[in-house]
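Dropping start_30.pdb in here (PDB, C-alpha atoms):
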ATOM      1  CA  MET A 220      -9.260  17.720  17.768  1.00  0.00           C
ATOM      2  CA  GLN A 221     -12.655  18.339  16.149  1.00  0.00           C
ATOM      3  CA  TYR A 222     -12.597  21.961  17.349  1.00  0.00           C
ATOM      4  CA  LYS A 223      -9.114  22.493  15.899  1.00  0.00           C
ATOM      5  CA  ARG A 224     -10.174  21.100  12.521  1.00  0.00           C
ATOM      6  CA  PHE A 225     -13.283  23.299  12.544  1.00  0.00           C
ATOM      7  CA  SER A 226     -11.192  26.358  13.395  1.00  0.00           C
ATOM      8  CA  LYS A 227      -8.843  25.529  10.535  1.00  0.00           C
ATOM      9  CA  PHE A 228     -11.802  25.205   8.203  1.00  0.00           C
ATOM     10  CA  LEU A 229     -13.156  28.604   9.275  1.00  0.00           C
ATOM     11  CA  LYS A 230      -9.752  30.186   8.663  1.00  0.00           C
ATOM     12  CA  GLU A 231      -9.566  28.688   5.184  1.00  0.00           C
ATOM     13  CA  SER A 232     -13.116  29.854   4.508  1.00  0.00           C
ATOM     14  CA  GLN A 233     -12.029  33.441   5.118  1.00  0.00           C
ATOM     15  CA  GLU A 234      -9.057  33.080   2.752  1.00  0.00           C
ATOM     16  CA  THR A 235     -11.107  33.210  -0.427  1.00  0.00           C
ATOM     17  CA  GLU A 236      -9.700  33.449  -3.929  1.00  0.00           C
ATOM     18  CA  GLU A 237     -11.674  33.443  -7.145  1.00  0.00           C
ATOM     19  CA  MET A 238     -10.846  32.210 -10.633  1.00  0.00           C
ATOM     20  CA  ASN A 239     -13.283  32.631 -13.499  1.00  0.00           C
ATOM     21  CA  GLY A 240     -16.092  33.270 -11.032  1.00  0.00           C
ATOM     22  CA  ILE A 241     -15.463  30.087  -8.977  1.00  0.00           C
ATOM     23  CA  ARG A 242     -13.945  30.055  -5.508  1.00  0.00           C
ATOM     24  CA  ILE A 243     -10.683  28.120  -5.309  1.00  0.00           C
ATOM     25  CA  SER A 244      -8.519  26.848  -2.428  1.00  0.00           C
ATOM     26  CA  ARG A 245      -4.930  26.479  -3.584  1.00  0.00           C
ATOM     27  CA  LYS A 246      -3.780  24.584  -0.479  1.00  0.00           C
ATOM     28  CA  HIS A 247      -6.162  21.765  -1.365  1.00  0.00           C
ATOM     29  CA  TYR A 248      -4.713  21.316  -4.864  1.00  0.00           C
ATOM     30  CA  ALA A 249      -0.959  21.536  -4.284  1.00  0.00           C
ATOM     31  CA  VAL A 250      -0.630  18.047  -2.836  1.00  0.00           C
ATOM     32  CA  HIS A 251      -2.185  16.652  -6.038  1.00  0.00           C
ATOM     33  CA  ASN A 252       0.072  18.706  -8.364  1.00  0.00           C
ATOM     34  CA  ILE A 253      -2.847  20.689  -9.778  1.00  0.00           C
ATOM     35  CA  SER A 254      -1.315  23.658 -11.607  1.00  0.00           C
ATOM     36  CA  ASP A 255      -2.808  27.043 -12.460  1.00  0.00           C
ATOM     37  CA  ASP A 256      -3.260  25.793 -16.021  1.00  0.00           C
ATOM     38  CA  HIS A 257      -5.351  22.904 -14.686  1.00  0.00           C
ATOM     39  CA  LEU A 258      -7.339  25.330 -12.510  1.00  0.00           C
ATOM     40  CA  ASP A 259      -7.990  27.750 -15.354  1.00  0.00           C
ATOM     41  CA  TRP A 260      -9.310  24.908 -17.515  1.00  0.00           C
ATOM     42  CA  LEU A 261     -11.408  23.461 -14.678  1.00  0.00           C
ATOM     43  CA  THR A 262     -13.027  26.718 -13.617  1.00  0.00           C
ATOM     44  CA  LYS A 263     -14.049  27.423 -17.233  1.00  0.00           C
ATOM     45  CA  HIS A 264     -15.396  23.919 -17.894  1.00  0.00           C
ATOM     46  CA  PRO A 265     -19.225  23.677 -18.111  1.00  0.00           C
ATOM     47  CA  MET A 266     -19.308  20.390 -16.193  1.00  0.00           C
ATOM     48  CA  VAL A 267     -17.506  22.006 -13.258  1.00  0.00           C
ATOM     49  CA  ARG A 268     -19.590  25.171 -13.365  1.00  0.00           C
ATOM     50  CA  ASP A 269     -22.791  23.100 -13.309  1.00  0.00           C
ATOM     51  CA  ALA A 270     -21.585  20.477 -10.807  1.00  0.00           C
ATOM     52  CA  SER A 271     -22.711  19.894  -7.259  1.00  0.00           C
ATOM     53  CA  GLY A 272     -20.432  17.143  -6.044  1.00  0.00           C
ATOM     54  CA  PRO A 273     -17.567  15.197  -7.662  1.00  0.00           C
ATOM     55  CA  VAL A 274     -17.203  15.160 -11.424  1.00  0.00           C
ATOM     56  CA  THR A 275     -14.553  13.248 -13.408  1.00  0.00           C
ATOM     57  CA  MET A 276     -13.359  14.351 -16.845  1.00  0.00           C
ATOM     58  CA  ASP A 277     -10.672  13.565 -19.411  1.00  0.00           C
ATOM     59  CA  LEU A 278      -7.770  15.985 -19.452  1.00  0.00           C
ATOM     60  CA  PRO A 279      -7.184  17.800 -22.737  1.00  0.00           C
ATOM     61  CA  SER A 280      -3.954  16.999 -24.564  1.00  0.00           C
ATOM     62  CA  HIS A 281      -2.365  20.390 -23.861  1.00  0.00           C
ATOM     63  CA  LEU A 282      -2.419  19.899 -20.065  1.00  0.00           C
ATOM     64  CA  PRO A 283       0.095  17.757 -18.112  1.00  0.00           C
ATOM     65  CA  ARG A 284      -1.076  14.314 -17.073  1.00  0.00           C
ATOM     66  CA  LEU A 285      -1.562  13.708 -13.364  1.00  0.00           C
ATOM     67  CA  LYS A 286      -0.874  10.914 -10.894  1.00  0.00           C
ATOM     68  CA  SER A 287      -3.602   8.716  -9.467  1.00  0.00           C
ATOM     69  CA  ALA A 288      -3.469   6.731  -6.234  1.00  0.00           C
ATOM     70  CA  LEU A 289      -6.689   4.795  -6.806  1.00  0.00           C
ATOM     71  CA  VAL A 290      -6.474   1.108  -7.660  1.00  0.00           C
ATOM     72  CA  GLY A 291      -9.403  -1.239  -8.271  1.00  0.00           C
ATOM     73  CA  PRO A 292     -12.149  -1.968 -10.838  1.00  0.00           C
ATOM     74  CA  VAL A 293     -13.040   1.683 -11.477  1.00  0.00           C
ATOM     75  CA  ALA A 294      -9.431   2.223 -12.587  1.00  0.00           C
ATOM     76  CA  GLY A 295      -9.429  -0.899 -14.767  1.00  0.00           C
ATOM     77  CA  ASP A 296      -7.826  -3.223 -12.181  1.00  0.00           C
ATOM     78  CA  PRO A 297      -9.023  -6.483 -10.607  1.00  0.00           C
ATOM     79  CA  PRO A 298     -10.852  -6.075  -7.271  1.00  0.00           C
ATOM     80  CA  VAL A 299      -8.599  -5.339  -4.305  1.00  0.00           C
ATOM     81  CA  THR A 300      -9.945  -7.565  -1.537  1.00  0.00           C
ATOM     82  CA  HIS A 301      -8.862  -8.350   2.023  1.00  0.00           C
ATOM     83  CA  LYS A 302      -6.974 -11.315   0.543  1.00  0.00           C
ATOM     84  CA  THR A 303      -4.875  -9.162  -1.806  1.00  0.00           C
ATOM     85  CA  PRO A 304      -1.228  -9.250  -0.600  1.00  0.00           C
ATOM     86  CA  GLY A 305      -0.111  -6.015   1.009  1.00  0.00           C
ATOM     87  CA  VAL A 306      -3.557  -4.521   1.697  1.00  0.00           C
ATOM     88  CA  HIS A 307      -3.597  -2.670   5.020  1.00  0.00           C
ATOM     89  CA  MET A 308      -5.208   0.225   6.838  1.00  0.00           C
ATOM     90  CA  ALA A 309      -3.172   3.382   7.405  1.00  0.00           C
ATOM     91  CA  ASN A 310      -3.761   6.973   8.405  1.00  0.00           C
ATOM     92  CA  ARG A 311      -2.687   9.700   5.981  1.00  0.00           C
ATOM     93  CA  GLY A 312      -2.828  12.407   8.634  1.00  0.00           C
ATOM     94  CA  ASP A 313      -4.521  15.817   8.731  1.00  0.00           C
ATOM     95  CA  GLY A 314      -7.415  14.460  10.804  1.00  0.00           C
ATOM     96  CA  ARG A 315      -8.594  12.032   8.129  1.00  0.00           C
ATOM     97  CA  PRO A 316      -9.996   8.594   8.964  1.00  0.00           C
ATOM     98  CA  ASP A 317      -7.930   5.510   8.154  1.00  0.00           C
ATOM     99  CA  SER A 318      -7.595   4.660   4.464  1.00  0.00           C
ATOM    100  CA  ARG A 319      -7.375   1.287   2.768  1.00  0.00           C
ATOM    101  CA  MET A 320      -3.856   1.194   1.307  1.00  0.00           C
ATOM    102  CA  ILE A 321      -1.625  -1.012  -0.794  1.00  0.00           C
ATOM    103  CA  HIS A 322       2.042  -0.550  -1.689  1.00  0.00           C
ATOM    104  CA  GLY A 323       2.859   0.775  -5.143  1.00  0.00           C
ATOM    105  CA  GLU A 324       3.846   3.872  -7.090  1.00  0.00           C
ATOM    106  CA  HIS A 325       1.166   6.369  -8.108  1.00  0.00           C
ATOM    107  CA  ARG A 326       0.205   5.918 -11.749  1.00  0.00           C
ATOM    108  CA  ASP A 327      -0.142   8.301 -14.681  1.00  0.00           C
ATOM    109  CA  THR A 328      -3.703   9.182 -15.625  1.00  0.00           C
ATOM    110  CA  ASN A 329      -5.500  11.420 -18.094  1.00  0.00           C
ATOM    111  CA  LYS A 330      -8.487  11.640 -15.722  1.00  0.00           C
ATOM    112  CA  ILE A 331      -9.122  14.545 -13.371  1.00  0.00           C
ATOM    113  CA  THR A 332     -11.765  14.776 -10.664  1.00  0.00           C
ATOM    114  CA  ALA A 333     -13.155  18.063  -9.368  1.00  0.00           C
ATOM    115  CA  VAL A 334     -15.194  18.257  -6.158  1.00  0.00           C
ATOM    116  CA  VAL A 335     -17.603  21.188  -6.305  1.00  0.00           C
ATOM    117  CA  ILE A 336     -20.064  22.477  -3.690  1.00  0.00           C
ATOM    118  CA  PRO A 337     -22.094  25.685  -3.249  1.00  0.00           C
ATOM    119  CA  ASP A 338     -19.890  28.337  -1.642  1.00  0.00           C
ATOM    120  CA  PRO A 339     -21.224  29.056   1.870  1.00  0.00           C
ATOM    121  CA  SER A 340     -19.445  32.420   1.917  1.00  0.00           C
ATOM    122  CA  LYS A 341     -21.117  33.843  -1.198  1.00  0.00           C
ATOM    123  CA  GLU A 342     -24.570  33.034  -2.489  1.00  0.00           C
ATOM    124  CA  GLY A 343     -24.735  31.744  -6.039  1.00  0.00           C
ATOM    125  CA  ARG A 344     -21.011  30.999  -6.305  1.00  0.00           C
ATOM    126  CA  LYS A 345     -19.499  27.526  -6.660  1.00  0.00           C
ATOM    127  CA  TRP A 346     -16.498  26.356  -4.628  1.00  0.00           C
ATOM    128  CA  LEU A 347     -13.919  24.013  -6.146  1.00  0.00           C
ATOM    129  CA  VAL A 348     -13.100  22.346  -2.845  1.00  0.00           C
ATOM    130  CA  THR A 349     -10.430  20.017  -4.215  1.00  0.00           C
ATOM    131  CA  SER A 350      -9.216  18.364  -7.377  1.00  0.00           C
ATOM    132  CA  TYR A 351      -6.999  15.345  -8.029  1.00  0.00           C
ATOM    133  CA  GLY A 352      -5.884  12.937 -10.725  1.00  0.00           C
ATOM    134  CA  GLY A 353      -7.950   9.843 -11.413  1.00  0.00           C
ATOM    135  CA  HIS A 354     -11.512   8.722 -10.895  1.00  0.00           C
ATOM    136  CA  ALA A 355     -13.801   9.956  -8.155  1.00  0.00           C
ATOM    137  CA  ALA A 356     -14.010   7.870  -4.992  1.00  0.00           C
ATOM    138  CA  PRO A 357     -16.391   8.075  -2.025  1.00  0.00           C
ATOM    139  CA  ARG A 358     -15.204   9.172   1.396  1.00  0.00           C
ATOM    140  CA  GLU A 359     -13.503   6.558   3.555  1.00  0.00           C
ATOM    141  CA  VAL A 360     -15.790   4.227   5.472  1.00  0.00           C
ATOM    142  CA  GLY A 361     -14.742   5.762   8.793  1.00  0.00           C
ATOM    143  CA  ASP A 362     -15.676   9.327   7.794  1.00  0.00           C
ATOM    144  CA  PRO A 363     -18.019  10.607  10.550  1.00  0.00           C
ATOM    145  CA  SER A 364     -20.003  12.760   8.085  1.00  0.00           C
ATOM    146  CA  HIS A 365     -21.532   9.710   6.342  1.00  0.00           C
ATOM    147  CA  THR A 366     -25.262   9.196   6.174  1.00  0.00           C
ATOM    148  CA  PRO A 367     -26.424   5.559   6.442  1.00  0.00           C
ATOM    149  CA  GLU A 368     -26.858   5.505   2.651  1.00  0.00           C
ATOM    150  CA  SER A 369     -23.475   7.042   1.821  1.00  0.00           C
ATOM    151  CA  LYS A 370     -21.696   4.767   4.294  1.00  0.00           C
ATOM    152  CA  LYS A 371     -23.215   1.707   2.644  1.00  0.00           C
ATOM    153  CA  GLU A 372     -21.994   2.966  -0.737  1.00  0.00           C
ATOM    154  CA  SER A 373     -18.549   3.632   0.737  1.00  0.00           C
ATOM    155  CA  GLU A 374     -18.293   0.145   2.254  1.00  0.00           C
ATOM    156  CA  LYS A 375     -19.175  -1.446  -1.091  1.00  0.00           C
ATOM    157  CA  PHE A 376     -16.639   0.678  -2.995  1.00  0.00           C
ATOM    158  CA  TRP A 377     -13.731   0.327  -0.577  1.00  0.00           C
ATOM    159  CA  SER A 378     -14.239  -3.441  -0.286  1.00  0.00           C
ATOM    160  CA  GLN A 379     -12.827  -3.603  -3.836  1.00  0.00           C
ATOM    161  CA  HIS A 380     -10.546  -0.553  -4.015  1.00  0.00           C
ATOM    162  CA  ALA A 381      -7.515   0.874  -2.232  1.00  0.00           C
ATOM    163  CA  LEU A 382      -5.090   3.791  -2.434  1.00  0.00           C
ATOM    164  CA  LEU A 383      -1.490   3.336  -3.512  1.00  0.00           C
ATOM    165  CA  THR A 384       1.073   4.398  -0.917  1.00  0.00           C
ATOM    166  CA  GLY A 385       3.310   5.995  -3.547  1.00  0.00           C
ATOM    167  CA  LYS A 386       6.238   3.681  -2.909  1.00  0.00           C
ATOM    168  CA  GLN A 387       7.119   0.071  -3.517  1.00  0.00           C
ATOM    169  CA  ARG A 388       7.113  -2.322  -0.622  1.00  0.00           C
ATOM    170  CA  GLU A 389      10.560  -2.919   0.794  1.00  0.00           C
ATOM    171  CA  MET A 390      11.352  -6.499  -0.044  1.00  0.00           C
ATOM    172  CA  LYS A 391      13.221  -8.586   2.451  1.00  0.00           C
ATOM    173  CA  GLU A 392      16.605  -9.836   1.402  1.00  0.00           C
ATOM    174  CA  GLU A 393      16.223 -13.103  -0.456  1.00  0.00           C
ATOM    175  CA  LYS A 394      17.845 -16.047   1.253  1.00  0.00           C
ATOM    176  CA  GLU A 395      19.817 -18.663  -0.605  1.00  0.00           C
ATOM    177  CA  GLN A 396      18.512 -22.188  -0.229  1.00  0.00           C
ATOM    178  CA  TYR A 397      20.835 -24.758   1.306  1.00  0.00           C
ATOM    179  CA  SER A 398      20.329 -28.495   1.633  1.00  0.00           C
ATOM    180  CA  VAL A 399      21.629 -29.404   5.073  1.00  0.00           C
ATOM    181  CA  THR A 400      22.380 -32.944   6.236  1.00  0.00           C
ATOM    182  CA  ILE A 401      22.699 -33.501   9.973  1.00  0.00           C
ATOM    183  CA  GLY A 402      23.697 -36.795  11.502  1.00  0.00           C
ATOM    184  CA  GLU A 403      24.448 -38.338  14.905  1.00  0.00           C
ATOM    185  CA  HIS A 404      28.043 -39.338  15.692  1.00  0.00           C
ATOM    186  CA  PRO A 405      28.173 -43.104  16.500  1.00  0.00           C
ATOM    187  CA  LYS A 406      30.420 -42.683  19.547  1.00  0.00           C
ATOM    188  CA  SER A 407      29.717 -39.337  21.159  1.00  0.00           C
ATOM    189  CA  GLY A 408      26.095 -38.972  20.085  1.00  0.00           C
ATOM    190  CA  ASP A 409      26.783 -35.359  19.058  1.00  0.00           C
ATOM    191  CA  LEU A 410      24.981 -33.905  16.075  1.00  0.00           C
ATOM    192  CA  ILE A 411      27.383 -33.275  13.216  1.00  0.00           C
ATOM    193  CA  TYR A 412      27.130 -31.977   9.678  1.00  0.00           C
ATOM    194  CA  ALA A 413      27.454 -34.742   7.118  1.00  0.00           C
ATOM    195  CA  ASP A 414      27.988 -35.007   3.384  1.00  0.00           C
ATOM    196  CA  PRO A 415      24.966 -36.742   1.856  1.00  0.00           C
ATOM    197  CA  LYS A 416      27.072 -37.802  -1.134  1.00  0.00           C
ATOM    198  CA  SER A 417      29.553 -39.761   1.003  1.00  0.00           C
ATOM    199  CA  LYS A 418      29.028 -43.136   2.643  1.00  0.00           C
ATOM    200  CA  MET A 419      28.883 -41.308   5.991  1.00  0.00           C
ATOM    201  CA  GLN A 420      30.990 -43.929   7.799  1.00  0.00           C
ATOM    202  CA  ASN A 421      31.092 -41.766  10.909  1.00  0.00           C
ATOM    203  CA  VAL A 422      27.320 -41.287  11.087  1.00  0.00           C
ATOM    204  CA  ILE A 423      24.838 -43.965  12.095  1.00  0.00           C
ATOM    205  CA  ARG A 424      21.651 -41.900  11.761  1.00  0.00           C
ATOM    206  CA  SER A 425      20.956 -38.911   9.580  1.00  0.00           C
ATOM    207  CA  SER A 426      18.258 -36.681   8.206  1.00  0.00           C
ATOM    208  CA  THR A 427      18.466 -34.304   5.269  1.00  0.00           C
ATOM    209  CA  VAL A 428      16.509 -31.103   5.750  1.00  0.00           C
ATOM    210  CA  THR A 429      16.109 -28.166   3.359  1.00  0.00           C
ATOM    211  CA  ILE A 430      16.096 -24.815   5.076  1.00  0.00           C
ATOM    212  CA  GLN A 431      15.950 -21.146   4.037  1.00  0.00           C
ATOM    213  CA  SER A 432      19.102 -19.517   5.318  1.00  0.00           C
ATOM    214  CA  ARG A 433      21.730 -16.973   4.348  1.00  0.00           C
ATOM    215  CA  PHE A 434      24.273 -19.141   6.162  1.00  0.00           C
ATOM    216  CA  ALA A 435      25.718 -22.326   4.772  1.00  0.00           C
ATOM    217  CA  PRO A 436      25.985 -25.416   6.981  1.00  0.00           C
ATOM    218  CA  GLY A 437      29.253 -26.389   8.612  1.00  0.00           C
ATOM    219  CA  ALA A 438      31.881 -28.590   7.028  1.00  0.00           C
ATOM    220  CA  PRO A 439      31.184 -32.365   7.060  1.00  0.00           C
ATOM    221  CA  GLY A 440      32.180 -33.810  10.418  1.00  0.00           C
ATOM    222  CA  SER A 441      31.951 -30.490  12.291  1.00  0.00           C
ATOM    223  CA  LEU A 442      29.700 -30.134  15.303  1.00  0.00           C
ATOM    224  CA  VAL A 443      26.314 -28.479  14.826  1.00  0.00           C
ATOM    225  CA  SER A 444      26.695 -26.969  18.301  1.00  0.00           C
ATOM    226  CA  ASP A 445      29.885 -25.171  17.199  1.00  0.00           C
ATOM    227  CA  HIS A 446      28.178 -23.491  14.238  1.00  0.00           C
ATOM    228  CA  LYS A 447      27.061 -19.916  14.825  1.00  0.00           C
ATOM    229  CA  TYR A 448      23.661 -20.715  13.331  1.00  0.00           C
ATOM    230  CA  GLY A 449      23.565 -24.390  14.198  1.00  0.00           C
ATOM    231  CA  SER A 450      20.528 -23.932  16.448  1.00  0.00           C
ATOM    232  CA  HIS A 451      18.547 -22.699  13.429  1.00  0.00           C
ATOM    233  CA  HIS A 452      19.601 -25.741  11.436  1.00  0.00           C
ATOM    234  CA  LYS A 453      18.852 -28.090  14.289  1.00  0.00           C
ATOM    235  CA  LYS A 454      15.331 -26.842  14.972  1.00  0.00           C
ATOM    236  CA  ASP A 455      14.314 -27.697  11.417  1.00  0.00           C
ATOM    237  CA  LEU A 456      15.384 -31.288  11.872  1.00  0.00           C
ATOM    238  CA  ARG A 457      12.227 -33.401  11.850  1.00  0.00           C
ATOM    239  CA  TYR A 458      13.563 -36.897  12.184  1.00  0.00           C
ATOM    240  CA  MET A 459      16.661 -39.044  11.838  1.00  0.00           C
ATOM    241  CA  LYS A 460      16.738 -42.247   9.901  1.00  0.00           C
ATOM    242  CA  GLU A 461      18.931 -45.294  10.064  1.00  0.00           C
ATOM    243  CA  ILE A 462      21.624 -45.448   7.416  1.00  0.00           C
ATOM    244  CA  GLU A 463      21.611 -48.546   5.357  1.00  0.00           C
ATOM    245  CA  LYS A 464      24.896 -50.413   5.576  1.00  0.00           C
TER     246      LYS A 464
END

Please, can you express the file's structure as structure tokens?
Amino acid sequence: MQYKRFSKFLKESQETEEMNGIRISRKHYAVHNISDDHLDWLTKHPMVRDASGPVTMDLPSHLPRLKSALVGPVAGDPPVTHKTPGVHMANRGDGRPDSRMIHGEHRDTNKITAVVIPDPSKEGRKWLVTSYGGHAAPREVGDPSHTPESKKESEKFWSQHALLTGKQREMKEEKEQYSVTIGEHPKSGDLIYADPKSKMQNVIRSSTVTIQSRFAPGAPGSLVSDHKYGSHHKKDLRYMKEIEK
């Protein structure tokens, strides 16, 4: 796997294209919706031309806004901790290490980050390795290229940040709440559904339980055992109490 990724990198290194004197790699921008207009502005910008690493800037008003997947304090949000609902680890493919993710749509941003390094294929030239909407973020904690110092920085950052999946979490169908009364028949001992508003002459012991179910209880006097979902109702029964006469 490492050899295949290295071979792919070498192939991309040979496919060089230049814009305003800076090497660009279009394949690395397409997934982030970086247009040629964005690229033209970036490759002319002094901060990009002087950069050696990630640099984040405000987009000018004439360029389209971008989408950002980053959520957390750097993006103006509360910290995303291990206790935040929906936080999970997932792999985004293409040989990357697992990312800390949370469900949600990508958000509009007027920030753009450019990652610039010296071009190994041509001395003195810069390489715009990638660009994306939003603030800069360190590599994932599991990235094997970390130094001890950069990994410590990554662990601190990703303990409070996550990436949005780009889609809302599929919510489970809400279940209507039913109040179910189950009693014991005085003669047969069978469990039957009862009406808590009646005097329950046919029931000597009962217990009212509230359960979460899409299925209503049976009619008063009907057997719990005959109900398709009676076993679910029955298992929530905690006790039965004597009816006052």

Pick out the residues sitting within 12 Å of Ser254 in chain A, and hand them over as a PyMOL selection string; count all atoms listed in the file, and ignore anything fewer than 5 positions along from it in its own chain. chain A and resi 245-249+259-261+282-285+350-352

With only C-alpha atoms counted and 12 Å as the cut-off, give the residues of range 328-370 of chain A in contact with range 380-388 of chain A, each with its shortest interatomic distance in Å and the pair that gives it, as JSON lines.
{"residue": "A:Gly353", "atom": "CA", "partner": "A:Leu382", "partner_atom": "CA", "distance": 11.2}
{"residue": "A:His354", "atom": "CA", "partner": "A:His380", "partner_atom": "CA", "distance": 11.6}
{"residue": "A:Ala355", "atom": "CA", "partner": "A:His380", "partner_atom": "CA", "distance": 11.8}
{"residue": "A:Ala356", "atom": "CA", "partner": "A:His380", "partner_atom": "CA", "distance": 9.2}
{"residue": "A:Pro357", "atom": "CA", "partner": "A:His380", "partner_atom": "CA", "distance": 10.6}
{"residue": "A:Arg358", "atom": "CA", "partner": "A:Ala381", "partner_atom": "CA", "distance": 11.9}
{"residue": "A:Glu359", "atom": "CA", "partner": "A:Ala381", "partner_atom": "CA", "distance": 10.1}
{"residue": "A:Val360", "atom": "CA", "partner": "A:Ala381", "partner_atom": "CA", "distance": 11.8}

Neighbours of point (-10.3, -3.1, -1.4) within 8 Å, using all atoms listed in the file, written as a ChimeraX atom specification: /A:291,298-301,306,319,376-381

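Using all atoms listed in the file for every distance, the candidate list A:Ile411, A:Val399, A:Met276, A:Val348 yields A:Met276 as the residue closest to Thr332 in chain A.
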
Of A:Pro439, A:Glu236, A:Ser398, A:His452, the one sitting nearest Asp414 in chain A when using all atoms listed in the file is A:Pro439

Counting only C-alpha atoms, which of A:Thr349, A:Ser287, A:Ser444, A:Thr235 gets nearest to Val274 in chain A? A:Thr349

Exercise on range 361-369 of chain A, axis-aligned box with 3 Å per side, report centre and edge lengths in Å to one decimal, as AutoDock Vina command-line options:
--center_x -20.8 --center_y 9.1 --center_z 6.2 --size_x 18.1 --size_y 13.3 --size_z 14.7

Any idea what the distance is between CA of Asp338 in chain A and CA of Lys370 in chain A? 24.4 Å

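Residues matched by the PyMOL selection byres ((chain A and resi 409) around 10) in this file: A:Gly402, A:Glu403, A:His404, A:Pro405, A:Lys406, A:Ser407, A:Gly408, A:Leu410, A:Ile411, A:Tyr412, A:Val422, A:Ser441, A:Leu442, A:Val443, A:Ser444.
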
Write a file of the just-selected residues containing C-alpha atoms, as a tab-separated table (two decimals), keeping the file's coordinate frame.
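Saved as again-v3.tsv:
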chain	number	residue	atom	x	y	z
A	402	GLY	CA	23.70	-36.80	11.50
A	403	GLU	CA	24.45	-38.34	14.90
A	404	HIS	CA	28.04	-39.34	15.69
A	405	PRO	CA	28.17	-43.10	16.50
A	406	LYS	CA	30.42	-42.68	19.55
A	407	SER	CA	29.72	-39.34	21.16
A	408	GLY	CA	26.10	-38.97	20.08
A	410	LEU	CA	24.98	-33.90	16.08
A	411	ILE	CA	27.38	-33.28	13.22
A	412	TYR	CA	27.13	-31.98	9.68
A	422	VAL	CA	27.32	-41.29	11.09
A	441	SER	CA	31.95	-30.49	12.29
A	442	LEU	CA	29.70	-30.13	15.30
A	443	VAL	CA	26.31	-28.48	14.83
A	444	SER	CA	26.70	-26.97	18.30
